[in-house]
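See below for the structure under consideration.
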There are 2 protein chains.
Amino acid sequence: MRMATDSFLDQQIVLDHGTGARLSRELVEFMVGVLGDVYIGEMEDSAMLPVPAGNIAMTTDSFVVDPPFFGNGDIGKIAVCGTVNDLAVVGAEPLYLTLAMILETGLPIRRLHQALVSLRDTAKEAGVKIVAGDTKVVGPGEADGIFLNTTGIGVFHRAPKRMTDVRAGDRIVLSGPIGNHTVHLLSVREGLGFEKNVLSDCAPLNGMIDALEEAVPADAVRSMRDVTRGGLSAVLHEYAAALGRTLRIEDAALPVDFETRMAADMLGINPLNCANEGCLALFVDPDSVDSVLKTLRAHPYGERAVVIGEVTDRAVKAVELVGEDGKVSEIEELQGAELPRLC
Amino acid sequence: MRMATDSFLDQQIVLDHGTGARLSRELVEFMVGVLGDVYIGEMEDSAMLPVPAGNIAMTTDSFVVDPPFFGNGDIGKIAVCGTVNDLAVVGAEPLYLTLAMILETGLPIRRLHQALVSLRDTAKEAGVKIVAGDTKVVGPGEADGIFLNTTGIGVFHRAPKRMTDVRAGDRIVLSGPIGNHTVHLLSVREGLGFEKNVLSDCAPLNGMIDALEEAVPADAVRSMRDVTRGGLSAVLHEYAAALGRTLRIEDAALPVDFETRMAADMLGINPLNCANEGCLALFVDPDSVDSVLKTLRAHPYGERAVVIGEVTDRAVKAVELVGEDGKVSEIEELQGAELPRLC
């Protein structure tokens with residue numbers, strides 16, 4: 001078996017790592033070795049996996065984050081978190097992930113190793129197994145280093161949660177500050193220096209969601225979303241459209257770190273539109289808000305959980321911001337956030 | 001909803017089609033509209049899908065075929081066939097696919113539409129549904145037009161088939177000619193003119209496999225593989241390694257079309273190493289070979305099925321070729337096939 005020796009790690013990806021012959025096979029053996037007991041696939045064309053009868057959750061995400069290796073994370077970590085979080089927010093327990101890679105010729109194998117180690121460690125934290133893989137190699141300039149896809153399956157032990165379960169009067173809770181992931185990445189890209197103090201929030205949130213569901217009544221959290229591409233603004237617009245209601249948030253309540261706000265101002269971006277990778281927006285029965293906040297705050301990924309607004313009884317699809325002066329303005333849905341490749 | 005109007009089709013992909021705001025949403029609506037009733041996803045972060053209890057099959061593939069649009073197919077068709085076939089060869093009924101795209105800025109939306117129409121039509125033929133999707137957009141030169149990932153789930157109505165179920169004496173059957181897909185693509189790439197007469201064999205094979213399993217005893221077909229990257233040579237080496245046995249094939253029995261052989265000679269490639277997208281290698285109980293051949297040949301994708309060799313009782317991992325002169329030579333596992341981006 002091809003091991004992670006220094007001489008192998010010093011090599012680069014070549015086209016033949018993707019053409020199905022010996023070099024391909026050796027690269028797969030190397031990757032399976034790095035993943036260790038997180039990898040449970042068979043060397044057949046498909047994995048064969050036990051599931052209980054009933055509904056499963058399934059979701060897919062490709063990851064093209066630029067740069068793929070940043071201050072406190074990398075594409076391997078994001079690739080697990082993104083898919084695990086998408087399963088967890090609909091109420092499923094994430095079980096299995098597939099892992100597909102598109103590698104650009106010339107990628108140092110040491111970088112691939114680094115991404116796989118992160119991926120493995122994050123999968124361990126999230127309690128998911130990698131069950132099948134695929135590796136494609138393209139020529140120089142035909143991709144940008146490394147692109148990953150993870151597709152995940154989860155099972156339901158509780159009723160699935162849907163956007164349409166949200167009711168007028170529900171409170172909107174954020175599990176943590178917004179904007180940090182985007183500011184961190186843009187700062188690394190542009191060399192602005194904020195990346196030392198503003199870290200990505202990238203994290204698998206299924207553990208925190210499990211703790212929450214155990215602590216509060218079944219319908220206390222009506223629905224939730226991880227706040228990723230498009231930012232909080234996109235999430236709120238999505239719910240406003242699904243519910244046909246006006247959502248209202250308070251500017252003063254929005255958790256934005258001081259340095260993040262400073263950097264966002266400098267970059268000309270609004271934290272409301274920034275992608276995050278470890279932040280939940282929760283729609284919560286008002287009677288349960290205190291226990292939801294208490295449980296979230298007891299978890300390392302939810303220490304700064306806060307109520308930011310509510311679902312109004314106004315049956316008009318809109319998202320409103322209450323300014324610090326009490327003035328209400330509408331948050332328009334952006335045509336585009338012009339913030340590509342943050343995940 | 002954003003419809004497939006001429007003015008929309010004449011546009012190109014821009015970065016904001018991937019940043020999670022309005023343009024992203026409109027592109028998703030357009031794609032869902034094109035997929036029609038083949039798309040059954042919910043607009044939640046995960047699809048929720050019924051499955052029976054027991055084992056499921058799961059497989060993933062990314063597709064980077066170059067060129068993405070060729071004579072008798074495109075990346076959309078290949079993306080369904082590749083994953084459906086990987087599920088079907090282990091004995092599963094393919095049910096659900098996810099679809100993730102990485103699009104390069106500047107891709108004409110008309111091309112995306114073309115790929116989606118192929119994908120939809122092939123999914124209909126294969127009887128699978130698209131249950132979740134993801135779209136990422138990268139800048140010019142950061143990808144090559146369009147990359148797709150499909151990840152599939154299948155369910156087992158029969159016992160799963162594994163490589164290790166193959167026994168000494170089993171016959172090796174090919175469901176059709178080899179080399180055509182590779183020659184077709186290389187000919188399109190290089191403008192050699194063969195692409196008019198040598199077509200890709202790209203096809204979803206689950207229907208033919210179903211027909212076969214209904215017609216023959218349960219263990220008549222011990223195991224099977226679709227012959228893709230690395231070609232027949234890679235498949236045979238994989239089985240030789242899994243079984244610890246010598247596999248022997250007859251050169252004269254190999255189904256290679258005349259023009260394909262001519263083109264392969266000109267290109268300096270061996271059809272044994274060529275990727276296919278609609279060809280099965282089957283390991284068959286010798287008592288059932290006739291009925292397997294008869295059933296395969298009754299299906300449009302198996303008309304030219306033929307026995308090409310057998311699994312010997314020699315307990316040495318090797319693949320041998322019997323020449324037309326009766327001389328036996330060993331087929332070495334290639335280091336690399338130097339044939340990138342054929343799927």
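Here's how to read the names in the structure tokens: chain A, B, ... by the order shown, residue numbers from 1 in each chain, ligand numbers from 1 in the order shown.
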Practice prompt. From the DSSP assignment of the backbone, select every residue of range 101-299 of chain B that is alpha helix (DSSP H), and format the answer as a VMD selection string.
Written response: chain B and resid 109 to 126 180 to 190 206 to 215 231 to 243 258 to 267 289 to 297
Practice problem: With a distance threshold of 6 Å and counting only C-alpha atoms, extract the residues of chain A near chain B and express them as a PyMOL selection string. | Solution: chain A and resi 16+19-23+45-59+61+86-87+132+134+141-144+229-230+334-338+340
Long-range neighbours of Ala281 in chain A as a list in words, 10 Å cut-off, only C-alpha atoms, 6 positions minimum in chain:
Val89, Ile172, Val173, Leu174, Ser175, Gly176, Ser223, Met224, Arg225, Asp226, Val227, Leu232, Val235, Leu236, Ala305, Val306, Val307 and Ile308 of chain A
**OP:** Please return as a VMD selection string: the residues of range 69-234 of chain B that backbone DSSP assigns to strand (DSSP E).
**Re:** chain B and resid 69 to 70 73 to 74 92 to 104 129 to 138 146 to 156 171 to 174 221 to 226
Correct to one decimal, the distance CA of Lys317 in chain B-CA of Leu35 in chain A is 27.1 Å
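Between Gly323 in chain A and the candidates A:Ala203, A:Ser291, A:Asn270, A:Ala253, the tightest atom-to-atom separation, counting only C-alpha atoms, involves A:Ala253.
In terms of minimum interatomic distance to Leu199 in chain A, A:Gly71 ranks closest within A:Gly302, A:Pro217, A:Gly71, A:Gly76, counting only C-alpha atoms.
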task = Would you mind listing what lies within 7 Å of Pro271 in chain B as number ranges by chain, with only C-alpha atoms counted and same-chain residues fewer than 3 positions away left out?
result = B: 178-179, 264, 274
Same residues, all heavy atoms, saved as a short mmCIF file (atom, residue, chain, number, x, y, z; two decimals), in the first residue's frame:
```cif
data_model
loop_
_atom_site.label_atom_id
_atom_site.label_comp_id
_atom_site.auth_asym_id
_atom_site.auth_seq_id
_atom_site.Cartn_x
_atom_site.Cartn_y
_atom_site.Cartn_z
N ILE B 178 -15.48 -2.61 -27.18
CA ILE B 178 -14.71 -1.69 -26.34
C ILE B 178 -13.98 -0.66 -27.21
O ILE B 178 -13.71 -0.90 -28.38
CB ILE B 178 -13.70 -2.43 -25.45
CG1 ILE B 178 -12.78 -3.34 -26.29
CG2 ILE B 178 -14.42 -3.23 -24.38
CD1 ILE B 178 -11.67 -4.00 -25.47
N GLY B 179 -13.72 0.47 -26.61
CA GLY B 179 -12.87 1.49 -27.24
C GLY B 179 -13.62 2.62 -27.91
O GLY B 179 -13.04 3.68 -28.16
N ALA B 264 -7.44 3.71 -33.05
CA ALA B 264 -6.61 3.45 -31.88
C ALA B 264 -5.16 3.28 -32.31
O ALA B 264 -4.25 3.80 -31.65
CB ALA B 264 -7.12 2.20 -31.15
N CYS B 274 -8.96 1.52 -22.93
CA CYS B 274 -9.87 2.65 -23.23
C CYS B 274 -11.10 2.64 -22.32
O CYS B 274 -11.73 1.61 -22.11
CB CYS B 274 -10.34 2.54 -24.68
SG CYS B 274 -9.06 3.01 -25.86
#
```
